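Next comes run.csv, a file with CSV, C-alpha atoms.
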chain,number,residue,atom,x,y,z
A,114,MET,CA,0.0,0.0,0.0
A,115,SER,CA,1.0,3.6,-0.5
A,116,LEU,CA,1.1,4.3,3.2
A,117,GLN,CA,3.6,1.5,3.8
A,118,PHE,CA,6.1,2.9,1.3
A,119,THR,CA,5.5,6.5,2.6
A,120,MET,CA,6.3,5.5,6.2
A,121,GLN,CA,9.3,3.5,5.0
A,122,PHE,CA,10.8,6.4,3.2
A,123,ILE,CA,10.1,8.9,5.9
A,124,GLU,CA,12.3,6.8,8.1
A,125,ILE,CA,14.9,6.3,5.5
A,126,LEU,CA,15.2,10.0,4.6
A,127,ASP,CA,15.2,11.1,8.3
A,128,ASP,CA,18.9,10.5,8.6
A,129,LEU,CA,21.9,12.9,8.7
A,130,SER,CA,23.9,10.5,6.5
A,131,ILE,CA,21.3,9.9,3.8
A,132,ASN,CA,22.4,10.5,0.3
A,133,GLY,CA,21.4,9.7,-3.3
A,134,GLU,CA,23.4,6.6,-3.6
A,135,LYS,CA,21.6,5.0,-0.7
A,136,ILE,CA,18.2,5.7,-2.4
A,137,ILE,CA,19.5,4.3,-5.7
A,138,GLU,CA,20.7,1.2,-4.0
A,139,TYR,CA,17.1,0.4,-2.9
A,140,PHE,CA,16.0,0.2,-6.5
A,141,LYS,CA,18.7,-2.0,-7.9
A,142,GLU,CA,16.8,-5.2,-7.1
A,143,TYR,CA,13.9,-4.3,-9.5
A,144,GLU,CA,14.0,-5.8,-13.0
A,145,TYR,CA,12.2,-3.0,-14.8
A,146,VAL,CA,13.8,0.0,-13.1
A,147,GLU,CA,16.8,2.1,-13.9
A,148,ALA,CA,18.0,4.5,-11.2
A,149,SER,CA,20.9,6.9,-11.0
A,150,CYS,CA,22.0,9.9,-9.1
A,151,GLU,CA,24.4,12.8,-9.5
A,152,THR,CA,25.9,15.1,-6.9
A,153,VAL,CA,25.8,18.8,-7.8
A,154,GLN,CA,27.7,21.5,-5.9
A,155,GLY,CA,26.1,24.8,-5.4
A,156,ASP,CA,27.0,28.1,-3.6
A,157,LYS,CA,25.5,26.8,-0.3
A,158,GLY,CA,26.5,23.2,-0.3
A,159,SER,CA,25.6,20.2,-2.5
A,160,THR,CA,22.7,17.9,-3.2
A,161,ASP,CA,22.1,14.6,-4.9
A,162,PHE,CA,19.7,14.6,-7.8
A,163,ILE,CA,17.9,11.3,-8.3
A,164,LYS,CA,16.4,9.9,-11.6
A,165,ILE,CA,14.3,6.8,-11.5
A,166,LEU,CA,12.8,5.2,-14.6
A,167,ILE,CA,10.1,2.6,-14.2
A,168,LYS,CA,9.8,1.0,-17.7
A,169,GLY,CA,6.4,0.4,-19.2
A,170,LYS,CA,5.3,-2.6,-21.3
A,171,ASN,CA,5.2,-0.4,-24.4
A,172,GLY,CA,7.4,2.4,-23.1
A,173,LYS,CA,9.5,4.6,-25.4
A,174,SER,CA,12.7,3.6,-23.5
A,175,SER,CA,12.2,0.1,-24.9
A,176,GLY,CA,11.2,1.1,-28.4
A,177,GLY,CA,7.5,1.4,-27.7
A,178,SER,CA,5.1,4.2,-28.5
A,179,THR,CA,3.0,5.0,-25.4
A,180,LYS,CA,3.1,8.3,-23.5
A,181,THR,CA,5.7,9.0,-20.8
A,182,PHE,CA,4.7,10.4,-17.5
A,183,GLY,CA,6.9,12.6,-15.4
A,184,LEU,CA,6.7,12.9,-11.6
A,185,VAL,CA,8.8,15.6,-9.9
A,186,GLY,CA,9.3,15.7,-6.1
A,187,ARG,CA,10.0,19.4,-5.6
A,188,LEU,CA,11.7,20.8,-2.5
A,189,GLY,CA,14.6,22.9,-1.2
A,190,GLY,CA,15.9,20.3,1.1
A,191,ILE,CA,14.9,17.3,3.3
A,192,GLY,CA,16.7,18.7,6.4
A,193,ALA,CA,18.0,22.0,7.7
A,194,ARG,CA,20.8,20.6,9.8
A,195,PRO,CA,22.6,21.8,11.9
A,196,SER,CA,20.0,24.5,12.8
A,197,ARG,CA,17.1,22.0,12.8
A,198,ILE,CA,17.2,18.3,13.8
A,199,GLY,CA,15.1,15.9,11.8
A,200,LEU,CA,13.0,15.8,8.6
A,201,VAL,CA,11.5,19.1,7.7
A,202,SER,CA,8.1,19.8,6.2
A,203,ASP,CA,9.7,20.6,2.9
A,204,ALA,CA,10.8,17.0,2.5
A,205,ASP,CA,7.3,15.8,1.7
A,206,GLY,CA,7.8,16.2,-2.0
A,207,ALA,CA,10.8,14.0,-2.0
A,208,VAL,CA,9.1,11.4,0.2
A,209,ALA,CA,6.1,11.3,-2.0
A,210,ALA,CA,8.1,11.0,-5.3
A,211,ILE,CA,10.4,8.2,-4.0
A,212,ALA,CA,7.5,6.3,-2.4
A,213,ALA,CA,5.6,6.5,-5.6
A,214,ALA,CA,8.6,5.2,-7.5
A,215,ALA,CA,9.0,2.3,-5.0
A,216,LYS,CA,5.3,1.4,-5.3
A,217,LEU,CA,5.4,1.4,-9.1
A,218,ALA,CA,8.6,-0.7,-9.1
A,219,GLU,CA,7.0,-3.2,-6.8
A,220,MET,CA,3.9,-3.3,-9.0
A,221,SER,CA,6.1,-4.0,-12.0
A,222,GLN,CA,7.9,-6.8,-10.2
A,223,LYS,CA,4.6,-8.4,-9.4
A,224,GLY,CA,3.4,-8.3,-13.0
A,225,ASP,CA,1.3,-5.1,-12.9
A,226,ARG,CA,3.4,-3.1,-15.4
A,227,LEU,CA,2.1,0.2,-16.7
A,228,GLU,CA,1.8,0.7,-20.4
A,229,GLY,CA,4.3,3.5,-20.7
A,230,ASP,CA,7.4,4.7,-18.9
A,231,VAL,CA,7.4,6.8,-15.7
A,232,TYR,CA,10.3,9.0,-14.8
A,233,VAL,CA,10.6,10.1,-11.2
A,234,THR,CA,13.0,12.9,-10.2
A,235,THR,CA,13.8,14.7,-7.0
A,236,HIS,CA,16.9,15.6,-4.9
A,237,ILE,CA,18.3,14.7,-1.5
A,238,CYS,CA,20.0,17.2,0.8
A,239,PRO,CA,19.8,16.6,4.6
A,240,ASN,CA,21.6,19.9,5.5
A,241,ALA,CA,20.0,22.6,3.2
A,242,PRO,CA,19.9,26.3,4.2
A,243,THR,CA,16.7,28.2,5.2
A,244,GLN,CA,15.4,31.5,3.8
A,245,PRO,CA,13.0,34.2,4.9
A,246,HIS,CA,9.5,34.2,3.4
A,247,GLU,CA,6.1,35.5,4.3
A,248,PRO,CA,4.1,34.4,6.2
A,249,VAL,CA,6.6,31.8,7.5
A,250,ASP,CA,10.2,30.8,6.6
A,251,PHE,CA,11.0,28.5,3.7
A,252,MET,CA,13.7,26.0,3.1
A,253,GLY,CA,16.4,27.2,0.8
A,254,SER,CA,18.5,25.0,-1.5
A,255,PRO,CA,22.2,24.5,-2.1
A,256,VAL,CA,21.5,25.0,-5.9
A,257,ASP,CA,19.4,27.5,-7.8
A,258,ILE,CA,16.1,26.8,-9.5
A,259,LEU,CA,17.7,26.6,-13.0
A,260,THR,CA,19.9,23.7,-11.8
A,261,MET,CA,16.9,22.0,-10.3
A,262,ASN,CA,14.9,22.2,-13.5
A,263,LYS,CA,18.0,21.0,-15.5
A,264,TYR,CA,18.1,17.7,-13.5
A,265,GLU,CA,14.4,17.2,-12.6
A,266,VAL,CA,12.6,18.3,-15.8
A,267,LEU,CA,13.5,15.7,-18.4
A,268,PRO,CA,12.9,15.9,-22.2
A,269,GLU,CA,11.3,12.4,-22.1
A,270,MET,CA,8.5,13.6,-19.9
A,271,GLU,CA,5.3,14.3,-21.9
A,272,ALA,CA,3.3,15.6,-18.9
A,273,ILE,CA,4.5,16.5,-15.4
A,274,LEU,CA,3.0,16.2,-12.0
A,275,SER,CA,4.9,18.4,-9.5
A,276,ILE,CA,4.5,17.4,-5.9
A,277,ASP,CA,5.5,20.0,-3.3
A,278,THR,CA,4.8,20.9,0.3
A,279,THR,CA,2.6,24.0,0.1
A,280,LYS,CA,1.9,24.8,3.7
A,281,GLY,CA,3.7,28.1,4.2
A,282,ASN,CA,0.8,30.3,3.2
A,283,ARG,CA,-2.6,31.6,4.3
A,284,ILE,CA,-4.2,30.8,0.9
A,285,ILE,CA,-4.9,27.1,1.1
A,286,ASN,CA,-6.8,26.4,4.3
A,287,HIS,CA,-7.2,22.6,3.8
A,288,LYS,CA,-5.2,19.7,5.3
A,289,GLY,CA,-4.4,17.0,2.8
A,290,VAL,CA,-3.6,17.6,-0.9
A,291,ALA,CA,-4.8,20.2,-3.4
A,292,LEU,CA,-4.6,20.3,-7.2
A,293,SER,CA,-3.5,23.3,-9.4
A,294,PRO,CA,-4.9,24.2,-12.8
A,295,THR,CA,-2.7,23.1,-15.7
A,296,VAL,CA,0.1,25.4,-16.8
A,297,LYS,CA,1.5,25.2,-20.3
A,298,GLU,CA,3.9,27.6,-22.1
A,299,GLY,CA,2.9,30.6,-19.9
A,300,TYR,CA,-0.8,30.0,-20.0
A,301,VAL,CA,-2.8,29.0,-16.9
A,302,LEU,CA,-5.4,26.7,-18.3
A,303,LYS,CA,-8.6,25.3,-16.8
A,304,PHE,CA,-8.4,22.4,-14.3
A,305,SER,CA,-8.2,19.0,-15.9
A,306,ASP,CA,-11.5,17.2,-15.5
A,307,ASP,CA,-9.6,13.9,-15.7
A,308,LEU,CA,-7.3,14.8,-12.9
A,309,LEU,CA,-10.2,16.1,-10.7
A,310,ARG,CA,-12.0,12.8,-11.2
A,311,ILE,CA,-8.9,10.8,-10.2
A,312,LEU,CA,-8.4,13.0,-7.1
A,313,GLU,CA,-12.0,12.4,-6.1
A,314,MET,CA,-11.6,8.7,-6.6
A,315,SER,CA,-8.3,8.3,-4.8
A,316,SER,CA,-9.2,10.5,-1.9
A,317,GLY,CA,-12.9,9.6,-1.5
A,318,GLN,CA,-13.6,13.3,-1.1
A,319,LEU,CA,-14.5,16.3,-3.2
A,320,PRO,CA,-11.3,17.5,-4.9
A,321,ALA,CA,-9.5,20.4,-3.2
A,322,THR,CA,-7.9,22.9,-5.6
A,323,PHE,CA,-5.8,26.0,-5.3
A,324,THR,CA,-5.4,29.2,-7.3
A,325,VAL,CA,-2.3,30.1,-9.3
A,326,THR,CA,-1.1,33.6,-10.0
A,327,THR,CA,0.9,34.9,-12.9
A,328,GLN,CA,3.8,35.4,-10.5
A,329,ASP,CA,3.8,31.7,-9.6
A,330,ILE,CA,4.4,30.5,-13.1
A,331,THR,CA,7.4,32.9,-13.8
A,332,PRO,CA,10.9,31.8,-13.0
A,333,TYR,CA,12.5,32.4,-9.6
A,334,GLY,CA,15.0,35.2,-9.7
A,335,ASN,CA,12.7,37.9,-11.2
A,336,GLU,CA,12.1,39.6,-7.8
A,337,VAL,CA,8.3,38.8,-7.6
A,338,TYR,CA,6.5,36.9,-5.0
A,339,HIS,CA,5.9,33.1,-5.6
A,340,ILE,CA,3.7,30.9,-3.4
A,341,ASN,CA,6.5,28.4,-3.7
A,342,SER,CA,8.4,26.4,-6.3
A,343,ILE,CA,5.6,23.9,-7.1
A,344,LEU,CA,5.1,25.2,-10.6
A,345,GLN,CA,8.7,26.1,-11.4
A,346,PRO,CA,9.0,23.0,-13.7
A,347,SER,CA,6.6,24.8,-16.1
A,348,VAL,CA,9.2,27.4,-16.9
A,349,ALA,CA,11.6,24.7,-18.3
A,350,THR,CA,9.3,22.8,-20.6
A,351,ASP,CA,6.5,23.1,-23.2
A,352,VAL,CA,4.6,20.0,-21.9
A,353,PRO,CA,1.6,20.5,-19.5
A,354,VAL,CA,2.5,20.8,-15.8
A,355,VAL,CA,0.1,20.4,-12.8
A,356,GLY,CA,1.0,20.9,-9.2
A,357,LEU,CA,-0.1,18.6,-6.4
A,358,ALA,CA,0.3,20.5,-3.2
A,359,ILE,CA,0.6,18.8,0.2
A,360,THR,CA,-1.3,21.2,2.4
A,361,ALA,CA,-2.3,22.2,5.9
A,362,GLU,CA,-5.0,24.4,7.5
A,363,SER,CA,-2.4,26.6,9.3
A,364,ALA,CA,0.7,28.2,7.9
A,365,VAL,CA,3.6,25.8,8.5
A,366,PRO,CA,7.2,26.8,7.9
A,367,GLY,CA,9.0,24.7,5.2
A,368,CYS,CA,11.9,24.4,7.6
A,369,GLY,CA,9.6,23.2,10.5
A,370,THR,CA,10.2,19.7,11.9
A,371,GLY,CA,7.5,17.3,13.1
A,372,ALA,CA,5.2,18.6,10.5
A,373,SER,CA,5.1,15.8,7.9
A,374,HIS,CA,1.9,13.8,8.0
A,375,GLU,CA,2.3,10.4,6.5
A,376,VAL,CA,-1.4,10.0,5.6
A,377,ASP,CA,-1.4,13.2,3.5
A,378,ILE,CA,1.8,12.2,1.8
A,379,ALA,CA,0.4,8.8,1.1
A,380,GLN,CA,-2.7,10.4,-0.5
A,381,ALA,CA,-0.3,12.3,-2.9
A,382,VAL,CA,1.4,8.9,-3.7
A,383,ARG,CA,-1.9,7.2,-4.5
A,384,PHE,CA,-3.0,10.1,-6.7
A,385,ALA,CA,0.3,10.1,-8.6
A,386,ILE,CA,0.2,6.3,-9.2
A,387,GLU,CA,-3.4,6.5,-10.5
A,388,VAL,CA,-2.5,9.4,-12.8
A,389,ALA,CA,0.5,7.4,-14.1
A,390,LYS,CA,-1.6,4.4,-14.9
A,391,GLU,CA,-4.2,6.3,-16.9
A,392,PHE,CA,-1.8,8.8,-18.6
A,393,THR,CA,0.6,6.2,-19.9
A,394,ALA,CA,-2.4,4.1,-21.1
A,395,GLY,CA,-3.6,7.2,-23.1
A,396,LYS,CA,-6.9,7.4,-21.2
A,397,ILE,CA,-6.5,10.9,-19.8
A,398,SER,CA,-5.2,14.4,-20.8
A,399,PHE,CA,-3.8,17.2,-18.7
A,400,TYR,CA,-5.3,19.8,-20.9
A,401,ASP,CA,-7.7,20.4,-23.9
A,402,GLU,CA,-5.3,20.5,-26.9
A,403,LYS,CA,-7.8,22.2,-29.3
A,404,GLU,CA,-8.7,24.9,-26.8
A,405,PHE,CA,-5.0,25.6,-26.1
A,406,GLU,CA,-4.3,26.0,-29.8
A,407,HIS,CA,-7.3,28.3,-30.1
A,408,LEU,CA,-6.0,30.4,-27.2
A,409,VAL,CA,-2.6,30.8,-28.9
A,410,GLU,CA,-4.4,31.8,-32.2
A,411,LEU,CA,-6.4,34.4,-30.4
A,412,TYR,CA,-3.8,35.9,-28.0
A,413,GLY,CA,-0.4,34.7,-29.2
A,414,SER,CA,2.4,33.1,-27.3
A,415,MET,CA,2.8,33.6,-23.6
A,416,LYS,CA,6.3,32.0,-23.5
A,417,VAL,CA,7.7,35.3,-22.2
A,418,LEU,CA,6.4,34.3,-18.8
A,419,GLN,CA,8.8,31.3,-18.9
A,420,THR,CA,11.7,33.8,-19.0
A,421,LEU,CA,13.1,36.3,-16.5
A,422,GLY,CA,11.5,39.1,-18.7
A,423,LYS,CA,12.5,41.6,-21.3
A,424,ASP,CA,15.2,43.3,-19.3
A,425,ALA,CA,17.0,40.0,-18.3

Encoded form using structure tokens:
Amino acid sequence: MSLQFTMQFIEILDDLSINGEKIIEYFKEYEYVEASCETVQGDKGSTDFIKILIKGKNGKSSGGSTKTFGLVGRLGGIGARPSRIGLVSDADGAVAAIAAAAKLAEMSQKGDRLEGDVYVTTHICPNAPTQPHEPVDFMGSPVDILTMNKYEVLPEMEAILSIDTTKGNRIINHKGVALSPTVKEGYVLKFSDDLLRILEMSSGQLPATFTVTTQDITPYGNEVYHINSILQPSVATDVPVVGLAITAESAVPGCGTGASHEVDIAQAVRFAIEVAKEFTAGKISFYDEKEFEHLVELYGSMKVLQTLGKDA
């Protein structure tokens, strides 16, 4: 079950000595999985970027033709040592992504292989810096957002679900998970009916959603306010991106410890797996392609919002 893998990786990641190699080692026993990591040095330390490929029966990595799904666990760091001891709230994205990869790997081993490939990316840093943010402090990162996107947003991904802890705000007053509208090439599109249906089904509740502003879909570094980095993958790709926020009723600092709720993370894992099943089978879409083309015809390209702006 998703909860089992979630609890397992909460314990694995809550470790001062954890690194990417230890996570990759976990996946070596699986026949249909390729996993790798790369350590990247930044101005404020280093982090290990992880890439996990779960091969589908008819996936493009094996010469097939079905769609490829991308799952990004977005965060600054899993720990803020030495200033904070233990797993921080910001780690939820990494936990969810790796737990989803483990569940998909286990399913494949037992014969329940998906039609298409699934790429899972995230990074592991148990001693990341913190940074000021309103209304509560965020986790920083040893590397900048351009580096994150370079290693986590892959050209093979044909649609991306970005999972990120989104508790450091007073906008989302719901504990659990919440879905964003689809973002593509600078356009904020309507919510995907397919994804809303899957969220209803996997949670057993009416789907919670959250709003996205123009600022949120522009790159970090342009000196405007962002709710967090959940939709930063959208600035580095032309494929549709949807954010799945792990949320709280109160404003919780990203660098806060004791604030990761395994049931909420497991809900994100369940949703991600069900989306992966249906997307790689060609049963769902993240956006209405005809309507998007019509928008571009009417109003032109919005790709400028994927850049730092005209003066950059």

**OP:** Identify the residues around (2.3, 1.3, -11.4) within a radius of 6 Å, measuring from only C-alpha atoms in the coordinates stated by the file, and give them as a PyMOL selection string.
**Re:** chain A and resi 217+220+227+386

**OP:** Excluding Ile137 in chain A and any residue of its chain fewer than 5 positions from it, enumerate the residues within 8 Å of it, using all atoms listed in the file, and give them as an NGL selection string.
**Re:** :A and (148-150 or 163)

Original post:
Which of these residues is nearest to Pro248 in chain A, using only C-alpha atoms: A:Tyr412, A:Tyr338, A:Tyr264, A:Phe162?
Top reply: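 Ranked by minimum distance to Pro248 in chain A, first place goes to A:Tyr338.
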
Original post:
Near Ser175 in chain A, within 12 Å and counting all atoms listed in the file, which residues show up once chain neighbours fewer than 6 positions away are dropped, as number ranges by chain?
Top reply: A: 145-146, 166-169, 181, 228-230

Original post:
Pick from A:Asp156, A:Asp257, A:Asp127, A:Asp225: nearest to Gly199 in chain A, with all atoms listed in the file counted?
Top reply: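 Of the candidates, the smallest distance to Gly199 in chain A is held by A:Asp127.
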
**OP:** Measure the distance from CA of Gln419 in chain A to CA of Val352 in chain A in Å and round it to one decimal.
**Re:**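 Computing it gives 12.4 Å between the two atoms.
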
Original post:
Looking at A:Ala272, A:Ala207, A:Val233, A:Ile359, which one is nearest to Ala372 in chain A, with distances taken over all atoms listed in the file?
Top reply: A:Ile359

**OP:** Rank A:Tyr333, A:Phe140, A:Phe304, A:Phe118 by their smallest atom-to-atom distance to Leu292 in chain A, using only C-alpha atoms, and report the top residue only.
**Re:**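 Of A:Tyr333, A:Phe140, A:Phe304, A:Phe118, the one nearest Leu292 in chain A is A:Phe304, counting only C-alpha atoms.
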
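Here CA of Tyr400 in chain A is placed at a distance of 5.8 Å from CA of Ser305 in chain A.
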
Could you give me, as a Markdown table, a per-residue list for range 315-336 of chain A showing, wherever an atom lies at most 12 Å from an atom of range 276-289 of chain A, the closest pair of atoms and their distance in Å to one decimal, using all atoms listed in the file and sorting by chain then residue number from low to high?
| residue | atom | partner | partner_atom | distance |
| --- | --- | --- | --- | --- |
| A:Ser316 | CA | A:Gly289 | CA | 9.3 |
| A:Gln318 | CA | A:Gly289 | CA | 10.7 |
| A:Leu319 | CA | A:Gly289 | CA | 11.8 |
| A:Pro320 | CA | A:Gly289 | CA | 10.4 |
| A:Ala321 | CA | A:His287 | CA | 7.7 |
| A:Thr322 | CA | A:Ile285 | CA | 8.5 |
| A:Phe323 | CA | A:Ile285 | CA | 6.6 |
| A:Thr324 | CA | A:Ile284 | CA | 8.4 |
| A:Val325 | CA | A:Ile284 | CA | 10.4 |
| A:Thr326 | CA | A:Ile284 | CA | 11.7 |

**OP:** Counting all atoms listed in the file, figure out which residue out of A:Leu184, A:Ala215, A:Met261, A:Val208 gets nearest to Ser373 in chain A.
**Re:**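 When distances to Ser373 in chain A are compared using all atoms listed in the file, the smallest one comes from A:Val208.
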
Subject >> Close residues, Leu259 in chain A itself excluded, 10 Å, only C-alpha atoms, min 5 positions apart in chain, as a list in words >> reply: Tyr264, Glu265, Pro332, Tyr333, Gly334, Gln345, Pro346, Val348 and Ala349 of chain A

Original post:
Which distance in Å separates CA of Tyr232 in chain A and CA of Lys390 in chain A, to one decimal?
Top reply: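 Going from CA of Tyr232 in chain A over to CA of Lys390 in chain A, I get 12.8 Å.
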
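Minimum atom-to-atom distances from A:Pro239, A:Gly356, A:Gly371, A:Gly317 to Gly183 in chain A were compared using all atoms listed in the file, and the lowest value belongs to A:Gly356.
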
Which residues are close to Asn240 in chain A, i.e. within 6 Å by all atoms listed in the file, leaving aside same-chain residues fewer than 4 positions away? Reply as a compact mmCIF listing (two decimals) with C-alpha atoms, in the coordinates of the input.
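Output (out-v6.txt):
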# COMPACT_ATOMS: atom_id res chain seq x y z
CA GLY A 192 16.70 18.70 6.40
CA ALA A 193 18.00 22.00 7.70
CA ARG A 194 20.80 20.60 9.80

Subject >> Contact residues around Pro242 in chain A with all atoms listed in the file at 12 Å, ignoring same-chain residues under 5 positions, as a ChimeraX atom specification >> reply: /A:155-160,188-197,201,203,250-256,367-368

Output range 385-407 of chain A with N, CA and C atoms present, as a CSV table (one decimal), in the frame of the given file.
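Now in selection_2.csv:
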chain,number,residue,atom,x,y,z
A,385,ALA,N,-0.7,10.1,-7.6
A,385,ALA,CA,0.3,10.1,-8.6
A,385,ALA,C,0.3,8.7,-9.3
A,386,ILE,N,0.1,7.7,-8.6
A,386,ILE,CA,0.2,6.3,-9.2
A,386,ILE,C,-1.0,6.1,-10.1
A,387,GLU,N,-2.2,6.6,-9.7
A,387,GLU,CA,-3.4,6.5,-10.5
A,387,GLU,C,-3.3,7.3,-11.8
A,388,VAL,N,-2.7,8.5,-11.7
A,388,VAL,CA,-2.5,9.4,-12.8
A,388,VAL,C,-1.5,8.7,-13.8
A,389,ALA,N,-0.4,8.1,-13.2
A,389,ALA,CA,0.5,7.4,-14.1
A,389,ALA,C,-0.1,6.3,-14.8
A,390,LYS,N,-0.9,5.5,-14.2
A,390,LYS,CA,-1.6,4.4,-14.9
A,390,LYS,C,-2.4,4.9,-16.1
A,391,GLU,N,-3.2,5.9,-15.8
A,391,GLU,CA,-4.2,6.3,-16.9
A,391,GLU,C,-3.5,7.2,-18.0
A,392,PHE,N,-2.5,8.0,-17.6
A,392,PHE,CA,-1.8,8.8,-18.6
A,392,PHE,C,-1.0,7.9,-19.5
A,393,THR,N,-0.3,7.0,-19.0
A,393,THR,CA,0.6,6.2,-19.9
A,393,THR,C,-0.3,5.2,-20.7
A,394,ALA,N,-1.5,5.0,-20.3
A,394,ALA,CA,-2.4,4.1,-21.1
A,394,ALA,C,-3.2,5.0,-22.1
A,395,GLY,N,-2.9,6.3,-22.2
A,395,GLY,CA,-3.6,7.2,-23.1
A,395,GLY,C,-5.1,7.4,-22.8
A,396,LYS,N,-5.5,7.3,-21.5
A,396,LYS,CA,-6.9,7.4,-21.2
A,396,LYS,C,-7.2,8.8,-20.7
A,397,ILE,N,-6.2,9.6,-20.3
A,397,ILE,CA,-6.5,10.9,-19.8
A,397,ILE,C,-5.6,12.0,-20.4
A,398,SER,N,-6.0,13.2,-20.3
A,398,SER,CA,-5.2,14.4,-20.8
A,398,SER,C,-5.1,15.4,-19.7
A,399,PHE,N,-4.0,16.1,-19.6
A,399,PHE,CA,-3.8,17.2,-18.7
A,399,PHE,C,-4.4,18.5,-19.1
A,400,TYR,N,-4.8,18.6,-20.4
A,400,TYR,CA,-5.3,19.8,-20.9
A,400,TYR,C,-6.1,19.5,-22.2
A,401,ASP,N,-6.9,20.5,-22.6
A,401,ASP,CA,-7.7,20.4,-23.9
A,401,ASP,C,-6.8,21.0,-25.0
A,402,GLU,N,-6.3,20.1,-25.8
A,402,GLU,CA,-5.3,20.5,-26.9
A,402,GLU,C,-5.9,21.5,-27.9
A,403,LYS,N,-7.2,21.3,-28.3
A,403,LYS,CA,-7.8,22.2,-29.3
A,403,LYS,C,-8.0,23.5,-28.7
A,404,GLU,N,-8.5,23.6,-27.4
A,404,GLU,CA,-8.7,24.9,-26.8
A,404,GLU,C,-7.4,25.6,-26.6
A,405,PHE,N,-6.3,24.9,-26.3
A,405,PHE,CA,-5.0,25.6,-26.1
A,405,PHE,C,-4.6,26.2,-27.4
A,406,GLU,N,-4.7,25.4,-28.5
A,406,GLU,CA,-4.3,26.0,-29.8
A,406,GLU,C,-5.2,27.2,-30.2
A,407,HIS,N,-6.4,27.2,-29.8
A,407,HIS,CA,-7.3,28.3,-30.1
A,407,HIS,C,-6.9,29.5,-29.3
